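Q: My structure is below; once you've seen it, I'll send some questions.
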Amino acid sequence: MRVREPAVWAAAAWASSFAALHVHWVFGGRLGLGEGAAADAAFERGWFVTFNVVAAVLCTLAAALALSVRCAWGGAVPQWVRRGGLWATAIVLSLRGTVGTVQSLSGRRTPAEVEAPVLLLYDPWFLVGGALFTVVAIGSRRDPT
């Protein structure tokens with residue numbers, strides 16, 4: 001089965017936009033974090049910048065993996081690296097979205113998290129990313145030639 005091109009571009013756009021958001025946070029931007037105590041607390045944590053740098057790099061790699069399925073240079077990426085990376089990305093994003101949704105629906109969010117209602121948008125965002133990367137991973141099987 002060949003992956004549909006719109007799914008590849010959508011997965012790459014998903015990962016690229018999230019990479020950009022993490023870079024924005026590295027430089028002190030608050031878009032998507034809110035303006036309350038939860039955002040203030042995030043910037044006070046010493047690991048916050050490091051976490052966002054790592055997340056931006058991983059999101060950029062995920063975008064490249066998605067693109068490697070359809071772009072000519074993708075042949076240079078070993079099949080096991082591509083498929084393993086796509087499946088790992090799909091699983092991590094799906095798990096993050098599922099756990100966050102369960103926490104939201106069960107009322108297990110901390111008061112600081114509830115204070116930033118924008119966080120409620122993140123769980124569906126991760127689920128969408130997981131679905132996109134699942135479609136790309138399923139369609140990335142080697143063509144019998």
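Going through the structure tokens in order, the chains are called A, B, and so on, while each chain numbers its residues from 1 and the ligands are numbered from 1 in the order shown.
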Near Ser16 (chain A), counting only C-alpha atoms, which residues have an atom at most 9 Å away, once you skip same-chain residues fewer than 3 positions from it, shown as a PyMOL selection string?
A: chain A and resi 11-13+19-21+56+59-60+62-63
Q: Per residue of region 44-73 of chain A within 12 Å of region 77-86 of chain A, which atom pair is closest and at what distance in Å (one decimal), using only C-alpha atoms, listed by chain and increasing number, as CSV?
A:
residue,atom,partner,partner_atom,distance
A:Leu58,CA,A:Gly85,CA,10.4
A:Cys59,CA,A:Gly85,CA,11.4
A:Leu61,CA,A:Gly85,CA,9.0
A:Ala62,CA,A:Leu86,CA,7.3
A:Ala63,CA,A:Leu86,CA,9.6
A:Ala64,CA,A:Arg82,CA,9.5
A:Leu65,CA,A:Arg82,CA,6.0
A:Ala66,CA,A:Leu86,CA,7.1
A:Leu67,CA,A:Arg82,CA,10.0
A:Ser68,CA,A:Val77,CA,7.3
A:Val69,CA,A:Arg82,CA,7.8
A:Arg70,CA,A:Arg82,CA,11.5
A:Cys71,CA,A:Val77,CA,10.8
A:Ala72,CA,A:Val77,CA,10.4
A:Trp73,CA,A:Val77,CA,7.8
Q: When you draw a straight line from CA of Pro124 (chain A) to CA of Ile91 (chain A), how long is it in Å?
A: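 Spanning CA of Pro124 (chain A) to CA of Ile91 (chain A) is a straight-line distance of 14.5 Å.
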Q: With only C-alpha atoms as the atoms that count, which of A:Val23, A:Leu93, A:Ala15, A:Val8 lies nearest to Ala137 (chain A)?
A: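 Among the listed residues, the smallest separation from Ala137 (chain A) belongs to A:Val8.
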Q: Can you work out the spacing between CA of Trp9 (chain A) and CA of Ser94 (chain A) in Å, to one decimal?
A: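 Interatomic distance here is 18.6 Å.
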Q: Where in chain A does DSSP assign helix (DSSP H, G or I), given as a PyMOL selection string?
A: chain A and resi 5-26+37-44+48-68+72-76+79-106+111-115+119-138
Q: Quick one: distance from CA of Ser140 (chain A) to CA of Glu5 (chain A) in Å, one decimal?
A: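 Interatomic distance here is 11.0 Å.
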Q: Considering only C-alpha atoms, return as number ranges by chain whatever protein or nucleic-acid residues lie within 7 Å of region 25-33 of chain A, sequence-local ones (same chain, fewer than 2 positions apart) excluded.
A: A: 21-23, 35, 39, 49, 52-53, 118
Q: Any chance you could export the current selection's N, CA and C atoms as a compact mmCIF listing (two decimals), in the first residue's frame?
A:
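Final output, saved to result_16.txt:
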# COMPACT_ATOMS: atom_id res chain seq x y z
N LEU A 21 6.70 25.95 17.41
CA LEU A 21 6.14 26.38 18.70
C LEU A 21 7.13 26.13 19.83
N HIS A 22 7.82 24.98 19.80
CA HIS A 22 8.83 24.71 20.83
C HIS A 22 9.99 25.71 20.75
N VAL A 23 10.40 26.08 19.56
CA VAL A 23 11.46 27.09 19.41
C VAL A 23 10.97 28.42 19.97
N GLU A 35 -1.31 33.02 29.92
CA GLU A 35 -0.64 34.11 30.62
C GLU A 35 -0.70 33.96 32.14
N ALA A 39 1.87 29.22 33.07
CA ALA A 39 2.92 29.65 32.14
C ALA A 39 4.11 30.20 32.89
N VAL A 49 13.77 25.03 29.05
CA VAL A 49 14.43 25.36 27.78
C VAL A 49 15.03 24.11 27.16
N ASN A 52 12.38 21.92 25.60
CA ASN A 52 11.85 22.46 24.36
C ASN A 52 12.85 22.39 23.21
N VAL A 53 14.13 22.50 23.49
CA VAL A 53 15.14 22.31 22.45
C VAL A 53 15.09 20.87 21.95
N VAL A 118 -5.97 26.56 27.55
CA VAL A 118 -5.39 26.26 26.25
C VAL A 118 -4.79 24.85 26.23
Q: Taking only C-alpha atoms into account, which of A:Ala37, A:Gly107, A:Val92, A:Gly100 comes nearest Gly129 (chain A)?
A: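 Ranking A:Ala37, A:Gly107, A:Val92, A:Gly100 by distance to Gly129 (chain A), first place goes to A:Val92.
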Q: Closest to Pro6 (chain A) among A:Gly97, A:Leu132, A:Trp47, A:Ser104, using only C-alpha atoms?
A: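 Of A:Gly97, A:Leu132, A:Trp47, A:Ser104, the one nearest Pro6 (chain A) is A:Leu132, counting only C-alpha atoms.
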